[in-house]
Amino acid sequence: MALNLQQPNYHKTTTAAKLLMLRLLQAQITLPSDIALKAVCLAPTGKAAQRLASSLRGQSLSLLERLSLDSDSEETLKAAIPDEGMTIHRYLIECGKPMDELSSFSRASDNELVFGAQSRAAPPMLVVID
């Protein structure tokens, strides 16, 4: 877990992109190849989520261009970088939890609330929250 608390215009997005790429590269090296790399961008509003995802993707792709990776590794990493963001609320809904269950912590573990139910698609490797 990394927490980046800085004032405006102090390169928070660049720092987040570097951490994202570092963690994705680490996961690509250490995890079995059948595990998909995935990251999601979340924010309180849709506009903020899209802005975060767009900035993070641009910075991450710029960093990726500077690395000398084989084409398969590069494509895998590009696919893991989120294209679009979503609201925290929408993400929780899409993880398969009805609204009445989201407020009940006795029915779901904390990991399940944040990373999605295990019976659904694989949880993301990284969650970037603005």
# chains A, B, ... in the order shown; residues from 1 in each chain; ligands from 1

$ residues_around --residues "A:Ala39" --least-positions-apart "4" --cutoff "8 Å" --atoms "only C-alpha atoms" --output "PyMOL selection string"
chain A and resi 80-82+124-128

$ residues_around --residues "stretch 25-30 of chain A" --least-positions-apart "5" --cutoff "10 Å" --atoms "only C-alpha atoms" --output "list in words"
Leu19, Leu20, Ile35, Ala36, Leu37, Ser73, Glu74, Thr76, Leu77 and Met125 of chain A

$ residues_around --residues "A:Ser62" --least-positions-apart "2" --cutoff "12 Å" --atoms "only C-alpha atoms" --output "list in words"
Thr14, Ala17, Lys18, Met21, Ser55, Leu56, Arg57, Gly58, Gln59, Ser60, Leu64, Glu65, Arg66, Leu67, Lys78 and Ile81 of chain A

$ write_last_selection --atoms "N, CA and C atoms" --output "CSV table (one decimal), in the first residue's frame"
chain,number,residue,atom,x,y,z
A,14,THR,N,2.6,11.3,-11.7
A,14,THR,CA,3.9,10.7,-12.2
A,14,THR,C,4.4,9.7,-11.2
A,17,ALA,N,2.1,6.7,-11.5
A,17,ALA,CA,2.4,5.9,-12.7
A,17,ALA,C,3.7,5.1,-12.5
A,18,LYS,N,4.7,5.7,-11.8
A,18,LYS,CA,5.9,4.9,-11.6
A,18,LYS,C,5.7,3.8,-10.7
A,21,MET,N,3.8,1.1,-12.7
A,21,MET,CA,4.6,0.3,-13.6
A,21,MET,C,5.6,-0.6,-12.8
A,55,SER,N,-4.7,10.5,-17.2
A,55,SER,CA,-3.4,11.0,-16.8
A,55,SER,C,-2.5,9.8,-16.5
A,56,LEU,N,-3.0,8.9,-15.7
A,56,LEU,CA,-2.2,7.7,-15.3
A,56,LEU,C,-1.8,6.9,-16.5
A,57,ARG,N,-2.7,6.7,-17.4
A,57,ARG,CA,-2.4,5.9,-18.6
A,57,ARG,C,-1.3,6.6,-19.5
A,58,GLY,N,-1.5,7.9,-19.7
A,58,GLY,CA,-0.5,8.7,-20.5
A,58,GLY,C,0.9,8.6,-19.9
A,59,GLN,N,1.0,8.8,-18.5
A,59,GLN,CA,2.3,8.8,-17.9
A,59,GLN,C,2.9,7.4,-17.9
A,60,SER,N,2.0,6.3,-17.7
A,60,SER,CA,2.5,5.0,-17.7
A,60,SER,C,3.0,4.5,-19.0
A,64,LEU,N,6.7,3.3,-20.1
A,64,LEU,CA,6.8,2.0,-20.8
A,64,LEU,C,7.6,2.2,-22.1
A,65,GLU,N,7.5,3.3,-22.8
A,65,GLU,CA,8.3,3.5,-24.0
A,65,GLU,C,9.8,3.6,-23.7
A,66,ARG,N,10.1,4.0,-22.6
A,66,ARG,CA,11.5,4.2,-22.2
A,66,ARG,C,12.2,2.9,-21.8
A,67,LEU,N,11.4,1.8,-21.5
A,67,LEU,CA,11.9,0.5,-21.1
A,67,LEU,C,12.2,-0.3,-22.4
A,78,LYS,N,0.7,-3.0,-21.2
A,78,LYS,CA,-0.3,-2.1,-21.8
A,78,LYS,C,-1.7,-2.5,-21.5
A,81,ILE,N,-2.8,-1.6,-17.8
A,81,ILE,CA,-3.0,-0.2,-17.5
A,81,ILE,C,-4.4,0.2,-17.8

$ residues_around --residues "A:Cys41" --least-positions-apart "4" --cutoff "9 Å" --atoms "only C-alpha atoms" --output "PyMOL selection string"
chain A and resi 49-50+52-53+56+82-88+126-130

$ write_last_selection --atoms "C-alpha atoms" --output "PDB file, in the first residue's frame"
ATOM      1  CA  ALA A  49     -12.110   8.970 -12.376  1.00  0.00           C
ATOM      2  CA  GLN A  50     -11.760   9.564 -16.128  1.00  0.00           C
ATOM      3  CA  LEU A  52      -7.203  10.101 -13.233  1.00  0.00           C
ATOM      4  CA  ALA A  53      -7.255   7.141 -15.637  1.00  0.00           C
ATOM      5  CA  LEU A  56      -2.201   7.730 -15.310  1.00  0.00           C
ATOM      6  CA  PRO A  82      -6.566   1.014 -17.065  1.00  0.00           C
ATOM      7  CA  ASP A  83      -8.106   2.798 -20.077  1.00  0.00           C
ATOM      8  CA  GLU A  84     -10.916   4.327 -18.095  1.00  0.00           C
ATOM      9  CA  GLY A  85     -11.713   5.033 -14.508  1.00  0.00           C
ATOM     10  CA  MET A  86     -14.890   4.479 -12.595  1.00  0.00           C
ATOM     11  CA  THR A  87     -16.532   5.739  -9.468  1.00  0.00           C
ATOM     12  CA  ILE A  88     -15.931   3.853  -6.262  1.00  0.00           C
ATOM     13  CA  LEU A 126      -3.656  -2.705  -8.120  1.00  0.00           C
ATOM     14  CA  VAL A 127      -6.310  -0.216  -7.144  1.00  0.00           C
ATOM     15  CA  VAL A 128      -5.483   3.474  -7.611  1.00  0.00           C
ATOM     16  CA  ILE A 129      -7.891   5.735  -5.723  1.00  0.00           C
ATOM     17  CA  ASP A 130      -7.981   9.516  -6.064  1.00  0.00           C
TER      18      ASP A 130
END

$ closest_residue --among "A:Leu42, A:Ile93, A:Asn9, A:Ala79" --to "A:Leu24" --atoms "only C-alpha atoms"
A:Ala79

$ atom_distance --atom1 "atom CA of A:Tyr91" --atom2 "atom CA of A:Thr45"
11.6 Å

$ decode --residues "stretch 51-95 of chain A" --atoms "C-alpha atoms" --output "tab-separated table (two decimals), in the first residue's frame"
chain	number	residue	atom	x	y	z
A	51	ARG	CA	-9.23	12.34	-15.57
A	52	LEU	CA	-7.20	10.10	-13.23
A	53	ALA	CA	-7.25	7.14	-15.64
A	54	SER	CA	-6.33	9.30	-18.62
A	55	SER	CA	-3.41	10.97	-16.82
A	56	LEU	CA	-2.20	7.73	-15.31
A	57	ARG	CA	-2.38	5.88	-18.64
A	58	GLY	CA	-0.51	8.65	-20.46
A	59	GLN	CA	2.26	8.76	-17.85
A	60	SER	CA	2.49	4.96	-17.68
A	61	LEU	CA	2.71	4.54	-21.46
A	62	SER	CA	5.39	7.22	-21.57
A	63	LEU	CA	7.39	5.29	-18.96
A	64	LEU	CA	6.80	2.03	-20.81
A	65	GLU	CA	8.26	3.50	-24.03
A	66	ARG	CA	11.52	4.18	-22.21
A	67	LEU	CA	11.92	0.55	-21.13
A	68	SER	CA	13.43	-1.99	-23.49
A	69	LEU	CA	11.01	-4.90	-23.19
A	70	ASP	CA	10.08	-7.64	-25.60
A	71	SER	CA	6.80	-7.06	-27.46
A	72	ASP	CA	4.85	-9.70	-25.49
A	73	SER	CA	5.80	-8.16	-22.14
A	74	GLU	CA	5.03	-4.68	-23.42
A	75	GLU	CA	1.57	-5.72	-24.67
A	76	THR	CA	0.80	-7.47	-21.38
A	77	LEU	CA	1.70	-4.33	-19.43
A	78	LYS	CA	-0.26	-2.07	-21.79
A	79	ALA	CA	-3.33	-4.26	-21.30
A	80	ALA	CA	-2.97	-4.03	-17.51
A	81	ILE	CA	-2.98	-0.21	-17.47
A	82	PRO	CA	-6.57	1.01	-17.06
A	83	ASP	CA	-8.11	2.80	-20.08
A	84	GLU	CA	-10.92	4.33	-18.10
A	85	GLY	CA	-11.71	5.03	-14.51
A	86	MET	CA	-14.89	4.48	-12.59
A	87	THR	CA	-16.53	5.74	-9.47
A	88	ILE	CA	-15.93	3.85	-6.26
A	89	HIS	CA	-19.69	3.28	-6.03
A	90	ARG	CA	-19.93	1.80	-9.53
A	91	TYR	CA	-16.91	-0.43	-8.94
A	92	LEU	CA	-18.45	-1.90	-5.80
A	93	ILE	CA	-21.72	-2.52	-7.64
A	94	GLU	CA	-19.92	-4.19	-10.56
A	95	CYS	CA	-18.09	-6.46	-8.13
